[in-house]
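Novice: start11.txt is reproduced below (compact mmCIF, C-alpha atoms).
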```txt
# COMPACT_ATOMS: atom_id res chain seq x y z
CA MET R 1 17.39 17.45 42.04
CA ASN R 2 15.27 14.52 43.21
CA PHE R 3 15.00 10.86 42.31
CA TYR R 4 11.48 9.46 42.05
CA ALA R 5 10.29 5.86 42.03
CA ALA R 6 7.25 3.83 42.94
CA ARG R 7 7.62 0.62 44.89
CA GLN R 8 5.12 -2.22 45.09
CA PRO R 9 5.53 -5.07 47.58
CA ILE R 10 6.01 -8.66 46.49
CA LEU R 11 4.81 -11.11 49.15
CA HIS R 12 5.36 -14.70 50.22
CA ALA R 13 2.39 -17.08 50.24
CA ASP R 14 1.75 -16.17 53.90
CA LYS R 15 1.63 -12.46 52.86
CA THR R 16 4.92 -11.54 54.53
CA LEU R 17 7.25 -9.27 52.57
CA PHE R 18 9.65 -10.90 50.10
CA ALA R 19 10.77 -7.91 47.99
CA TYR R 20 9.66 -4.72 46.25
CA GLU R 21 9.42 -3.97 42.56
CA LEU R 22 10.84 -0.52 41.79
CA LEU R 23 9.05 1.36 39.02
CA PHE R 24 10.56 4.44 37.41
CA ARG R 25 8.85 7.80 37.87
CA ASP R 26 10.02 11.31 36.99
CA SER R 27 7.75 13.39 39.24
CA LEU R 28 5.25 13.17 42.07
CA GLU R 29 2.68 11.95 39.56
CA ASN R 30 2.44 8.21 40.19
CA ARG R 31 2.46 6.89 36.65
CA PHE R 32 5.04 5.77 34.09
CA PRO R 33 6.31 8.87 32.23
CA ASN R 34 6.19 9.32 28.47
CA ILE R 35 9.70 8.00 27.76
CA ASN R 36 10.98 4.77 26.20
CA GLU R 37 11.89 1.75 28.30
CA ASP R 38 15.66 2.03 27.64
CA GLU R 39 15.70 5.59 29.00
CA ALA R 40 13.63 4.60 32.02
CA THR R 41 15.99 1.73 32.84
CA ALA R 42 19.07 3.93 32.43
CA LYS R 43 17.64 6.64 34.69
CA MET R 44 16.61 4.10 37.32
CA VAL R 45 20.06 2.47 37.42
CA THR R 46 21.86 5.81 37.41
CA GLY R 47 19.67 7.13 40.20
CA LEU R 48 20.24 4.06 42.36
CA GLN R 49 23.97 3.84 41.69
CA PHE R 50 24.93 7.45 42.29
CA ASN R 51 22.52 8.22 45.10
CA LEU R 52 22.75 5.16 47.32
CA GLY R 53 19.08 4.82 46.55
CA LEU R 54 18.79 1.13 47.31
CA ASP R 55 20.01 1.60 50.87
CA SER R 56 17.54 4.37 51.59
CA LEU R 57 14.59 3.06 49.58
CA LEU R 58 14.92 -0.61 50.54
CA PRO R 59 17.19 -0.96 53.56
CA SER R 60 16.69 -4.69 54.17
CA THR R 61 15.01 -6.38 51.22
CA LEU R 62 15.41 -7.16 47.50
CA ALA R 63 14.45 -4.85 44.65
CA PHE R 64 13.00 -6.17 41.38
CA ILE R 65 14.26 -3.84 38.65
CA ASN R 66 13.16 -3.93 35.00
CA PHE R 67 15.87 -4.28 32.36
CA THR R 68 15.48 -3.90 28.61
CA HIS R 69 17.28 -5.91 25.95
CA ASN R 70 19.87 -3.18 25.32
CA SER R 71 20.51 -2.54 29.00
CA LEU R 72 21.13 -6.24 29.61
CA LEU R 73 23.61 -6.49 26.74
CA GLU R 74 25.34 -3.33 28.00
CA GLY R 75 25.74 -4.87 31.46
CA TYR R 76 23.66 -2.32 33.37
CA PRO R 77 22.68 -4.79 36.13
CA LEU R 78 26.38 -5.13 37.04
CA MET R 79 26.31 -1.51 38.21
CA LEU R 80 24.09 -2.54 41.14
CA PRO R 81 24.93 -4.98 43.99
CA LYS R 82 23.85 -8.59 43.38
CA GLU R 83 22.80 -8.90 47.03
CA LYS R 84 20.17 -6.20 46.60
CA ILE R 85 18.47 -6.71 43.23
CA VAL R 86 16.50 -9.14 41.11
CA VAL R 87 17.22 -8.64 37.41
CA GLU R 88 13.76 -8.57 35.83
CA ILE R 89 13.87 -9.20 32.07
CA LEU R 90 11.02 -7.24 30.50
CA GLU R 91 8.40 -9.08 28.45
CA THR R 92 9.37 -6.99 25.39
CA VAL R 93 12.85 -8.55 25.33
CA LYS R 94 13.41 -11.04 22.51
CA PRO R 95 15.46 -14.13 23.35
CA GLY R 96 18.68 -14.76 21.45
CA LYS R 97 22.29 -15.91 21.83
CA LYS R 98 23.59 -12.52 23.02
CA LEU R 99 20.88 -12.27 25.64
CA LEU R 100 21.53 -15.84 26.76
CA ASN R 101 25.24 -15.09 27.19
CA ALA R 102 24.37 -11.99 29.22
CA CYS R 103 22.14 -14.10 31.49
CA ILE R 104 24.83 -16.75 31.92
CA ASP R 105 27.32 -14.03 32.90
CA LEU R 106 24.88 -12.52 35.42
CA LYS R 107 24.14 -15.94 36.91
CA GLU R 108 27.85 -16.77 37.24
CA LYS R 109 28.30 -13.48 39.10
CA GLY R 110 25.53 -14.38 41.56
CA TYR R 111 22.56 -12.34 40.34
CA ILE R 112 18.93 -13.47 40.67
CA ILE R 113 17.10 -13.46 37.32
CA ALA R 114 13.35 -13.15 36.71
CA LEU R 115 11.28 -13.25 33.49
CA ASP R 116 8.54 -10.60 33.49
CA ASP R 117 4.97 -11.19 32.19
CA TYR R 118 6.06 -14.53 30.79
CA ILE R 119 4.24 -16.22 27.91
CA HIS R 120 5.75 -19.62 27.18
CA GLN R 121 7.84 -20.10 24.04
CA SER R 122 10.13 -23.08 23.53
CA VAL R 123 13.12 -20.80 22.82
CA TRP R 124 13.07 -19.71 26.50
CA LEU R 125 13.90 -23.29 27.55
CA HIS R 126 17.58 -22.45 26.89
CA PHE R 127 17.31 -19.78 29.60
CA TYR R 128 15.66 -21.95 32.26
CA PRO R 129 18.95 -23.17 33.85
CA TYR R 130 19.75 -19.53 34.66
CA VAL R 131 16.27 -18.25 35.62
CA ASP R 132 15.13 -18.15 39.25
CA ILE R 133 11.66 -16.61 39.01
CA ILE R 134 8.96 -16.45 36.34
CA LYS R 135 6.33 -13.71 36.69
CA ILE R 136 2.83 -14.44 35.40
CA ASP R 137 0.50 -11.54 34.60
CA TYR R 138 -2.72 -12.82 36.13
CA GLN R 139 -4.90 -10.43 34.12
CA GLU R 140 -3.41 -11.34 30.73
CA THR R 141 -2.53 -15.03 31.06
CA SER R 142 -5.17 -17.70 30.53
CA GLU R 143 -5.54 -20.80 32.68
CA GLN R 144 -4.32 -22.93 29.78
CA GLN R 145 -1.19 -20.78 29.40
CA ILE R 146 -0.49 -20.99 33.15
CA LEU R 147 -0.74 -24.78 33.05
CA GLN R 148 1.60 -24.80 30.04
CA ILE R 149 4.19 -22.80 32.01
CA ILE R 150 3.85 -25.12 35.03
CA GLU R 151 4.45 -28.14 32.78
CA ALA R 152 7.45 -26.51 31.06
CA ILE R 153 9.31 -25.73 34.30
CA LYS R 154 8.83 -29.15 35.93
CA PRO R 155 12.40 -30.24 35.03
CA PHE R 156 13.64 -27.07 36.77
CA PRO R 157 12.31 -27.20 40.35
CA LYS R 158 14.46 -24.20 41.40
CA ILE R 159 12.29 -21.89 39.26
CA LYS R 160 9.62 -20.21 41.37
CA LEU R 161 6.39 -18.68 40.04
CA LEU R 162 5.31 -15.15 40.91
CA ALA R 163 1.70 -14.19 40.29
CA GLU R 164 1.43 -10.46 39.57
CA LYS R 165 -1.58 -8.19 39.08
CA ILE R 166 -3.56 -10.15 41.66
CA GLU R 167 -6.69 -8.09 42.33
CA THR R 168 -9.03 -10.37 44.32
CA GLN R 169 -8.97 -12.94 47.09
CA GLN R 170 -10.18 -15.53 44.59
CA GLU R 171 -7.26 -14.86 42.24
CA TYR R 172 -4.82 -15.10 45.16
CA LEU R 173 -6.22 -18.48 46.26
CA GLN R 174 -6.22 -19.78 42.70
CA ALA R 175 -2.59 -18.72 42.15
CA LEU R 176 -1.72 -20.35 45.46
CA HIS R 177 -3.38 -23.55 44.22
CA TYR R 178 -1.24 -23.46 41.06
CA GLY R 179 1.88 -23.46 43.21
CA CYS R 180 2.89 -19.82 42.97
CA CYS R 181 5.37 -18.84 45.69
CA TYR R 182 5.25 -15.04 45.40
CA PHE R 183 2.40 -12.58 44.88
CA GLN R 184 2.02 -8.98 43.75
CA GLY R 185 -0.94 -6.78 42.89
CA TYR R 186 -3.57 -4.27 43.94
CA PHE R 187 -5.22 -6.89 46.18
CA PHE R 188 -2.22 -6.51 48.49
CA SER R 189 -0.99 -2.96 47.81
CA ARG R 190 -0.84 -0.31 45.12
CA PRO R 191 2.55 1.14 44.15
CA GLU R 192 3.74 3.68 46.71
CA LEU R 193 5.44 6.81 45.36
CA ILE R 194 8.72 7.72 47.00
CA LYS R 195 11.07 10.65 46.52
CA ASN R 196 14.77 10.52 47.29
CA ALA R 197 17.39 13.24 47.12
CA ALA R 198 19.51 12.73 44.04
CA LEU R 199 23.13 13.69 43.45
CA THR R 200 24.61 13.76 39.96
CA PRO R 201 27.98 12.06 39.23
CA SER R 202 29.69 15.47 39.04
CA GLN R 203 28.20 16.47 42.38
CA MET R 204 29.41 13.24 43.97
CA SER R 205 32.92 13.83 42.56
CA ILE R 206 33.07 17.30 44.10
CA ALA R 207 31.64 15.92 47.37
CA LYS R 208 34.39 13.29 47.55
CA LEU R 209 37.03 15.91 46.83
CA MET R 210 35.58 18.09 49.58
CA GLY R 211 35.55 15.11 51.95
CA GLU R 212 39.25 14.55 51.26
CA MET R 213 40.06 18.21 51.91
CA ALA R 214 38.19 18.05 55.23
CA LYS R 215 40.62 15.45 56.58
CA ASP R 216 43.35 16.46 59.02
CA ASP R 217 45.97 15.14 56.57
CA PRO R 218 44.48 15.26 53.03
CA ASP R 219 46.14 13.26 50.25
CA ILE R 220 47.48 16.00 47.99
CA ASN R 221 48.42 13.53 45.23
CA SER R 222 44.84 12.23 44.93
CA ILE R 223 43.55 15.83 45.02
CA THR R 224 45.97 16.80 42.24
CA GLN R 225 44.84 13.82 40.15
CA ALA R 226 41.19 14.76 40.67
CA PHE R 227 41.83 18.24 39.27
CA GLU R 228 44.04 16.98 36.44
CA SER R 229 41.39 14.48 35.29
CA ASP R 230 38.68 17.14 34.94
CA VAL R 231 39.25 19.96 32.43
CA ASN R 232 36.54 22.14 33.95
CA LEU R 233 37.98 21.81 37.46
CA SER R 234 41.51 22.46 36.17
CA PHE R 235 40.43 25.67 34.47
CA LYS R 236 38.65 26.92 37.57
CA LEU R 237 41.62 26.08 39.81
CA LEU R 238 44.09 27.97 37.60
CA ARG R 239 41.70 30.91 37.22
CA TYR R 240 41.12 31.10 40.98
CA ALA R 241 44.82 30.78 41.86
CA GLN R 242 45.61 33.77 39.59
CA SER R 243 42.70 35.88 40.82
CA PRO R 244 43.50 39.53 41.70
CA ILE R 245 42.49 38.87 45.32
CA PHE R 246 45.84 37.10 45.82
CA GLN R 247 47.93 39.81 44.08
CA ARG R 248 50.37 37.36 42.51
CA THR R 249 53.06 38.59 40.13
CA LYS R 250 54.34 35.19 38.93
CA LYS R 251 52.23 33.31 36.40
CA ILE R 252 50.96 29.86 37.44
CA GLU R 253 51.25 27.23 34.70
CA THR R 254 50.51 23.79 36.21
CA ILE R 255 47.89 22.19 38.43
CA LYS R 256 50.46 21.11 41.00
CA GLN R 257 51.95 24.60 41.11
CA ALA R 258 48.50 26.11 41.68
CA ILE R 259 47.80 23.69 44.52
CA VAL R 260 51.13 24.42 46.20
CA VAL R 261 50.77 28.18 45.80
CA LEU R 262 47.25 28.25 47.20
CA GLY R 263 48.13 26.20 50.26
CA GLN R 264 45.91 23.76 52.09
CA ASN R 265 43.51 26.27 53.69
CA GLU R 266 42.83 28.27 50.52
CA LEU R 267 42.57 25.07 48.45
CA ARG R 268 39.98 23.77 50.90
CA ARG R 269 38.04 26.97 50.46
CA LEU R 270 38.20 26.66 46.68
CA VAL R 271 36.91 23.08 46.75
CA SER R 272 34.11 24.18 49.04
CA LEU R 273 33.33 27.06 46.69
CA LEU R 274 33.20 24.67 43.71
CA PHE R 275 30.96 22.37 45.74
CA THR R 276 28.54 25.15 46.56
CA ALA R 277 28.46 26.42 42.98
CA GLN R 278 27.78 22.88 41.71
CA PHE R 279 24.94 22.23 44.13
CA SER R 280 23.30 25.66 43.83
CA GLU R 281 23.05 25.58 40.04
CA GLY R 282 19.75 27.09 38.96
CA LYS R 283 19.27 28.79 42.33
CA PRO R 284 19.69 32.51 43.19
CA ALA R 285 23.31 33.60 43.58
CA GLU R 286 22.43 34.97 47.02
CA LEU R 287 22.02 31.39 48.25
CA THR R 288 25.63 30.64 47.32
CA VAL R 289 26.81 33.86 48.95
CA MET R 290 24.93 33.06 52.15
CA SER R 291 26.35 29.54 52.24
CA LEU R 292 29.92 30.81 51.82
CA SER R 293 29.34 33.61 54.31
CA ARG R 294 28.16 31.13 56.94
CA ALA R 295 31.18 28.93 56.25
CA HIS R 296 33.67 31.75 56.71
CA TYR R 297 31.81 33.08 59.75
CA CYS R 298 31.99 29.69 61.51
CA GLU R 299 35.67 29.58 60.54
CA LEU R 300 36.37 33.03 62.00
CA LEU R 301 34.52 32.24 65.23
CA THR R 302 36.59 29.06 65.63
CA GLU R 303 39.77 31.11 65.28
CA TYR R 304 38.41 33.77 67.66
CA THR R 305 37.81 31.14 70.35
CA ASN R 306 41.29 29.62 69.80
CA GLN R 307 40.03 26.27 68.47
CA ARG R 308 42.27 26.13 65.42
CA ASP R 309 42.05 22.33 65.10
CA GLY R 310 38.35 22.62 64.29
CA ILE R 311 38.56 25.29 61.56
CA ALA R 312 38.02 22.87 58.64
CA SER R 313 35.01 21.28 60.31
CA ALA R 314 33.51 24.64 61.26
CA PHE R 315 33.83 25.84 57.68
CA LEU R 316 31.94 22.78 56.39
CA VAL R 317 29.18 23.16 58.96
CA GLY R 318 28.42 26.63 57.65
CA LEU R 319 28.91 25.69 54.01
CA LEU R 320 26.54 22.70 54.03
CA SER R 321 23.83 24.25 56.19
CA LEU R 322 21.83 25.44 53.16
CA LEU R 323 22.17 22.28 51.09
CA ASP R 324 18.50 21.44 51.58
CA ALA R 325 17.48 24.78 50.04
CA MET R 326 19.86 24.22 47.12
CA LEU R 327 18.51 20.76 46.28
CA ASP R 328 14.95 21.06 47.59
CA ALA R 329 15.39 17.95 49.69
CA ASP R 330 15.52 16.82 53.31
CA ILE R 331 18.77 17.89 55.01
CA ALA R 332 19.16 14.68 57.04
CA GLN R 333 18.79 12.56 53.92
CA LEU R 334 21.36 14.65 52.07
CA MET R 335 23.88 14.48 54.90
CA GLU R 336 23.79 10.69 54.80
CA LYS R 337 25.04 10.77 51.22
CA LEU R 338 28.12 12.92 51.85
CA PRO R 339 31.58 11.62 52.85
CA ILE R 340 31.95 13.84 55.92
CA SER R 341 32.31 13.17 59.64
CA GLN R 342 29.32 12.36 61.83
CA ALA R 343 30.16 15.35 64.04
CA ILE R 344 29.66 17.73 61.09
CA LYS R 345 26.38 16.02 60.19
CA ASP R 346 25.14 16.27 63.78
CA SER R 347 26.03 19.96 63.93
CA ILE R 348 23.84 20.63 60.90
CA VAL R 349 20.98 18.18 61.41
CA LEU R 350 20.75 17.96 65.21
CA ARG R 351 22.31 21.36 65.95
CA SER R 352 24.58 19.79 68.54
CA GLY R 353 28.07 20.97 69.47
CA GLU R 354 29.81 24.34 69.49
CA HIS R 355 30.00 24.62 65.69
CA ALA R 356 26.21 24.38 65.61
CA GLN R 357 26.09 27.40 67.94
CA TYR R 358 28.30 29.34 65.52
CA LEU R 359 25.91 28.43 62.72
CA MET R 360 22.90 29.56 64.74
CA LEU R 361 24.62 32.85 65.54
CA SER R 362 25.10 33.47 61.81
CA GLU R 363 21.43 32.66 61.18
CA CYS R 364 20.32 35.07 63.92
CA PHE R 365 22.39 37.88 62.40
CA GLU R 366 20.86 37.10 58.98
CA ASN R 367 17.34 37.32 60.42
CA GLY R 368 17.94 40.30 62.69
CA GLN R 369 17.08 38.32 65.84
CA TRP R 370 19.07 40.58 68.12
CA SER R 371 17.92 39.17 71.47
CA GLU R 372 18.98 35.69 70.32
CA VAL R 373 22.28 37.10 69.07
CA SER R 374 22.97 38.52 72.53
CA LYS R 375 22.17 35.21 74.23
CA LEU R 376 24.40 33.22 71.89
CA CYS R 377 27.27 35.70 72.24
CA GLU R 378 27.00 35.38 76.00
CA ASN R 379 26.92 31.57 75.87
CA LEU R 380 29.94 31.48 73.56
CA ALA R 381 31.85 34.19 75.42
CA VAL R 382 32.10 36.22 72.21
CA ASP R 383 32.02 40.02 72.25
CA PHE R 384 28.90 41.32 70.44
CA ASP R 385 30.79 43.94 68.42
CA ALA R 386 33.44 41.40 67.41
CA ALA R 387 30.75 38.92 66.39
CA PHE R 388 29.00 41.53 64.26
CA SER R 389 32.25 42.68 62.67
CA MET R 390 33.13 39.08 61.72
CA PHE R 391 29.64 38.63 60.26
CA GLN R 392 30.08 41.67 57.99
CA GLN R 393 33.60 40.51 57.08
CA SER R 394 32.24 37.09 56.10
CA GLN R 395 29.67 38.56 53.76
CA LEU R 396 32.30 40.61 51.94
CA TRP R 397 34.63 37.59 51.80
CA ALA R 398 31.90 35.41 50.26
CA LYS R 399 31.08 37.91 47.51
CA GLU R 400 34.76 38.39 46.75
CA ARG R 401 35.44 34.64 46.47
CA LEU R 402 32.39 34.01 44.29
CA LYS R 403 33.49 36.82 41.96
CA ALA R 404 36.97 35.25 41.71
CA LEU R 405 35.46 31.98 40.51
CA SER R 406 33.03 33.54 38.02
```
Is it possible to express this structure as structure tokens?
Specialist:
Amino acid sequence: MNFYAARQPILHADKTLFAYELLFRDSLENRFPNINEDEATAKMVTGLQFNLGLDSLLPSTLAFINFTHNSLLEGYPLMLPKEKIVVEILETVKPGKKLLNACIDLKEKGYIIALDDYIHQSVWLHFYPYVDIIKIDYQETSEQQILQIIEAIKPFPKIKLLAEKIETQQEYLQALHYGCCYFQGYFFSRPELIKNAALTPSQMSIAKLMGEMAKDDPDINSITQAFESDVNLSFKLLRYAQSPIFQRTKKIETIKQAIVVLGQNELRRLVSLLFTAQFSEGKPAELTVMSLSRAHYCELLTEYTNQRDGIASAFLVGLLSLLDAMLDADIAQLMEKLPISQAIKDSIVLRSGEHAQYLMLSECFENGQWSEVSKLCENLAVDFDAAFSMFQQSQLWAKERLKALS
């Protein structure tokens, strides 16, 4: 899944960057999709909140984000950091007491507020104490209307004017003459389409759970609570714990009992299995099998080389190595979003460290690159026959575990 947006720069009078306006998109086609404004705002906020989008899209500047009447009353801007956004009130929003109270609350919490495509009405005077920026559509606003706005804001010198849809040098100079402080439009730059890897809330929940299980001393209480608070996860845990692969005779009846019976290593594997199943939804089952097979293979090689302290990390290196194929996104970008150690990320992205060599050995077996297999076995001091046997064992293990969860 991917998150799409277009960003258009907003400049200071000297044409240096002040901020970007983020515009919702739902594909690589750089135009507003055929959805209503409330849905567009909700998808934009959700995408930015759950995918750390602001940090990757705009690492060091502000983002103007459009908000509808309903989204403002529902408090959607509060889901995003006040240091990173400008709350842009769409021109379709009708002023009223509820909206005014929402603006007062945002202002008290430190948010910057802008009025989009503003046409002066006296009712907006009540909002002026809380407004920081007024945007003027230079293609739709007459000179008389601009002068009316300038006159209306004189008692409020903190309000700055932003001239948008500037398309010529002449319009830029004229807006500068009127006292506009910020500028936006095709004369400077057209909106640039950007794509960012997106993680759903459920994917992030599983990722956090997996991150906790990867720790040397995971918090079992928080893990138990995570399972207990999600009916779907609880069902899968109980089903997995009572799978025939464990040959249990005593029935398991509680989440805590299932966690204790499984033990830390098998619970870690289950969480990783749930993670892979969540992220590979809609993809061929073979992709999940390969991911699990790589994870177990890296785990077995770590045991074979007597590095038992690194088993959990090795497992994750193999497990996450196909995440880019699952989500059709850049692997480095995805790694930045996951709560895992930098060493694991480097093993996958940079292919550095011994765990990366285990991963590459698995890949060479998968592709039948036998000369490379021999070289890697020699470098790792691993017997070829043992390496091949562990590879076959991992494939069977992966299919067995996936079947237990199904």
Novice: Which of these, R:Leu301, R:Leu193, R:Cys377, R:Ala387, has the shortest distance to R:Gln8 once you count only C-alpha atoms?
Specialist: R:Leu193
Novice: Pick the closest to R:Leu161 from R:Asn379, R:Ser371, R:Gln184, R:Ser142: which is it, counting all atoms listed in the file?
Specialist: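 That would be R:Gln184, the residue with the smallest distance to R:Leu161.
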Novice: Pick out the closest residue to R:Lys208 from this set: R:Lys98, R:Leu359, R:Glu378, R:Pro339. Count all atoms listed in the file.
Specialist: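 Closest to R:Lys208, using all atoms listed in the file: R:Pro339.
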Novice: With distances taken over only C-alpha atoms, which residue among R:Arg248, R:Lys256, R:Lys236, R:Arg269 lies nearest R:Arg401?
Specialist: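 Closest candidate: R:Arg269.
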Novice: How many Å separate atom CA of R:Gln357 from atom CA of R:Gln278?
Specialist: 26.7 Å
Novice: Using only C-alpha atoms, collect all residues at a distance of at most 6 Å from (22.0, 27.8, 59.8) as written in the file, then present them as a PyMOL selection string.
Specialist: chain R and resi 321+359-360+363
Novice: Report the distance between atom CA of R:Gly318 and atom CA of R:Cys364 in Å, rounded to one decimal place.
Specialist: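 Distance reported for this atom pair: 13.3 Å.
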Novice: Choose the residue, out of R:Leu292, R:Ala312, R:Met44, R:Ile252, that has the smallest atom-to-atom separation from R:Lys215; count only C-alpha atoms.
Specialist: R:Ala312
Novice: Kindly indicate which residue among R:Gln264, R:Phe188, R:Leu316, R:Thr302 lies nearest to R:Asp14, using all atoms listed in the file for the distances.
Specialist: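 Selected residue with least distance to R:Asp14: R:Phe188.
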Novice: Which residues come within 9 Å of R:Gly282, counting only C-alpha atoms, excluding same-chain residues fewer than 3 positions away, as a list in words?
Specialist: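 Here the qualifying residues turn out to be Phe279, Ala285 and Met326 of chain R.
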Novice: Dump C-alpha atoms for the selected residues as an mmCIF file, in the frame of the given file?
Specialist:
```
data_model
loop_
_atom_site.group_PDB
_atom_site.id
_atom_site.type_symbol
_atom_site.label_atom_id
_atom_site.label_comp_id
_atom_site.auth_asym_id
_atom_site.auth_seq_id
_atom_site.Cartn_x
_atom_site.Cartn_y
_atom_site.Cartn_z
ATOM 1 C CA PHE R 279 24.940 22.230 44.130
ATOM 2 C CA ALA R 285 23.310 33.600 43.580
ATOM 3 C CA MET R 326 19.860 24.220 47.120
#
```
Novice: If you count only C-alpha atoms, which residues fall within 12 Å of R:Ala277, apart from same-chain ones fewer than 2 positions away, as a short mmCIF file (atom, residue, chain, number, x, y, z; two decimals) with C-alpha atoms, in the coordinates of the input?
Specialist:
```
data_model
loop_
_atom_site.label_atom_id
_atom_site.label_comp_id
_atom_site.auth_asym_id
_atom_site.auth_seq_id
_atom_site.Cartn_x
_atom_site.Cartn_y
_atom_site.Cartn_z
CA SER R 202 29.69 15.47 39.04
CA GLN R 203 28.20 16.47 42.38
CA ILE R 206 33.07 17.30 44.10
CA ALA R 207 31.64 15.92 47.37
CA LEU R 233 37.98 21.81 37.46
CA LYS R 236 38.65 26.92 37.57
CA LEU R 270 38.20 26.66 46.68
CA VAL R 271 36.91 23.08 46.75
CA SER R 272 34.11 24.18 49.04
CA LEU R 273 33.33 27.06 46.69
CA LEU R 274 33.20 24.67 43.71
CA PHE R 275 30.96 22.37 45.74
CA PHE R 279 24.94 22.23 44.13
CA SER R 280 23.30 25.66 43.83
CA GLU R 281 23.05 25.58 40.04
CA GLY R 282 19.75 27.09 38.96
CA LYS R 283 19.27 28.79 42.33
CA PRO R 284 19.69 32.51 43.19
CA ALA R 285 23.31 33.60 43.58
CA GLU R 286 22.43 34.97 47.02
CA LEU R 287 22.02 31.39 48.25
CA THR R 288 25.63 30.64 47.32
CA VAL R 289 26.81 33.86 48.95
CA MET R 290 24.93 33.06 52.15
CA SER R 291 26.35 29.54 52.24
CA LEU R 292 29.92 30.81 51.82
CA LEU R 319 28.91 25.69 54.01
CA LEU R 320 26.54 22.70 54.03
CA LEU R 323 22.17 22.28 51.09
CA MET R 326 19.86 24.22 47.12
CA LEU R 327 18.51 20.76 46.28
CA ARG R 401 35.44 34.64 46.47
CA LEU R 402 32.39 34.01 44.29
CA LYS R 403 33.49 36.82 41.96
CA LEU R 405 35.46 31.98 40.51
CA SER R 406 33.03 33.54 38.02
#
```
Novice: Show me, as a PDB file with C-alpha atoms, keeping the file's coordinate frame, the residues that have an atom within 10 Å of stretch 107-122 of chain R when counting only C-alpha atoms, minus same-chain residues fewer than 4 positions from it.
Specialist:
```pdb
ATOM      1  CA  LEU R  62      15.410  -7.160  47.500  1.00  0.00           C
ATOM      2  CA  PHE R  64      13.000  -6.170  41.380  1.00  0.00           C
ATOM      3  CA  ILE R  65      14.260  -3.840  38.650  1.00  0.00           C
ATOM      4  CA  ASN R  66      13.160  -3.930  35.000  1.00  0.00           C
ATOM      5  CA  PHE R  67      15.870  -4.280  32.360  1.00  0.00           C
ATOM      6  CA  PRO R  77      22.680  -4.790  36.130  1.00  0.00           C
ATOM      7  CA  LEU R  78      26.380  -5.130  37.040  1.00  0.00           C
ATOM      8  CA  LEU R  80      24.090  -2.540  41.140  1.00  0.00           C
ATOM      9  CA  PRO R  81      24.930  -4.980  43.990  1.00  0.00           C
ATOM     10  CA  LYS R  82      23.850  -8.590  43.380  1.00  0.00           C
ATOM     11  CA  GLU R  83      22.800  -8.900  47.030  1.00  0.00           C
ATOM     12  CA  LYS R  84      20.170  -6.200  46.600  1.00  0.00           C
ATOM     13  CA  ILE R  85      18.470  -6.710  43.230  1.00  0.00           C
ATOM     14  CA  VAL R  86      16.500  -9.140  41.110  1.00  0.00           C
ATOM     15  CA  VAL R  87      17.220  -8.640  37.410  1.00  0.00           C
ATOM     16  CA  GLU R  88      13.760  -8.570  35.830  1.00  0.00           C
ATOM     17  CA  ILE R  89      13.870  -9.200  32.070  1.00  0.00           C
ATOM     18  CA  LEU R  90      11.020  -7.240  30.500  1.00  0.00           C
ATOM     19  CA  GLU R  91       8.400  -9.080  28.450  1.00  0.00           C
ATOM     20  CA  THR R  92       9.370  -6.990  25.390  1.00  0.00           C
ATOM     21  CA  VAL R  93      12.850  -8.550  25.330  1.00  0.00           C
ATOM     22  CA  PRO R  95      15.460 -14.130  23.350  1.00  0.00           C
ATOM     23  CA  ASN R 101      25.240 -15.090  27.190  1.00  0.00           C
ATOM     24  CA  ALA R 102      24.370 -11.990  29.220  1.00  0.00           C
ATOM     25  CA  CYS R 103      22.140 -14.100  31.490  1.00  0.00           C
ATOM     26  CA  HIS R 126      17.580 -22.450  26.890  1.00  0.00           C
ATOM     27  CA  PHE R 127      17.310 -19.780  29.600  1.00  0.00           C
ATOM     28  CA  TYR R 128      15.660 -21.950  32.260  1.00  0.00           C
ATOM     29  CA  PRO R 129      18.950 -23.170  33.850  1.00  0.00           C
ATOM     30  CA  TYR R 130      19.750 -19.530  34.660  1.00  0.00           C
ATOM     31  CA  VAL R 131      16.270 -18.250  35.620  1.00  0.00           C
ATOM     32  CA  ASP R 132      15.130 -18.150  39.250  1.00  0.00           C
ATOM     33  CA  ILE R 133      11.660 -16.610  39.010  1.00  0.00           C
ATOM     34  CA  ILE R 134       8.960 -16.450  36.340  1.00  0.00           C
ATOM     35  CA  LYS R 135       6.330 -13.710  36.690  1.00  0.00           C
ATOM     36  CA  ILE R 136       2.830 -14.440  35.400  1.00  0.00           C
ATOM     37  CA  ASP R 137       0.500 -11.540  34.600  1.00  0.00           C
ATOM     38  CA  TYR R 138      -2.720 -12.820  36.130  1.00  0.00           C
ATOM     39  CA  GLU R 140      -3.410 -11.340  30.730  1.00  0.00           C
ATOM     40  CA  THR R 141      -2.530 -15.030  31.060  1.00  0.00           C
ATOM     41  CA  SER R 142      -5.170 -17.700  30.530  1.00  0.00           C
ATOM     42  CA  GLN R 145      -1.190 -20.780  29.400  1.00  0.00           C
ATOM     43  CA  ILE R 146      -0.490 -20.990  33.150  1.00  0.00           C
ATOM     44  CA  GLN R 148       1.600 -24.800  30.040  1.00  0.00           C
ATOM     45  CA  ILE R 149       4.190 -22.800  32.010  1.00  0.00           C
ATOM     46  CA  ILE R 150       3.850 -25.120  35.030  1.00  0.00           C
ATOM     47  CA  ALA R 152       7.450 -26.510  31.060  1.00  0.00           C
ATOM     48  CA  ILE R 159      12.290 -21.890  39.260  1.00  0.00           C
ATOM     49  CA  LYS R 160       9.620 -20.210  41.370  1.00  0.00           C
ATOM     50  CA  LEU R 161       6.390 -18.680  40.040  1.00  0.00           C
ATOM     51  CA  LEU R 162       5.310 -15.150  40.910  1.00  0.00           C
ATOM     52  CA  ALA R 163       1.700 -14.190  40.290  1.00  0.00           C
ATOM     53  CA  GLU R 164       1.430 -10.460  39.570  1.00  0.00           C
ATOM     54  CA  LYS R 165      -1.580  -8.190  39.080  1.00  0.00           C
TER      55      LYS R 165
END
```
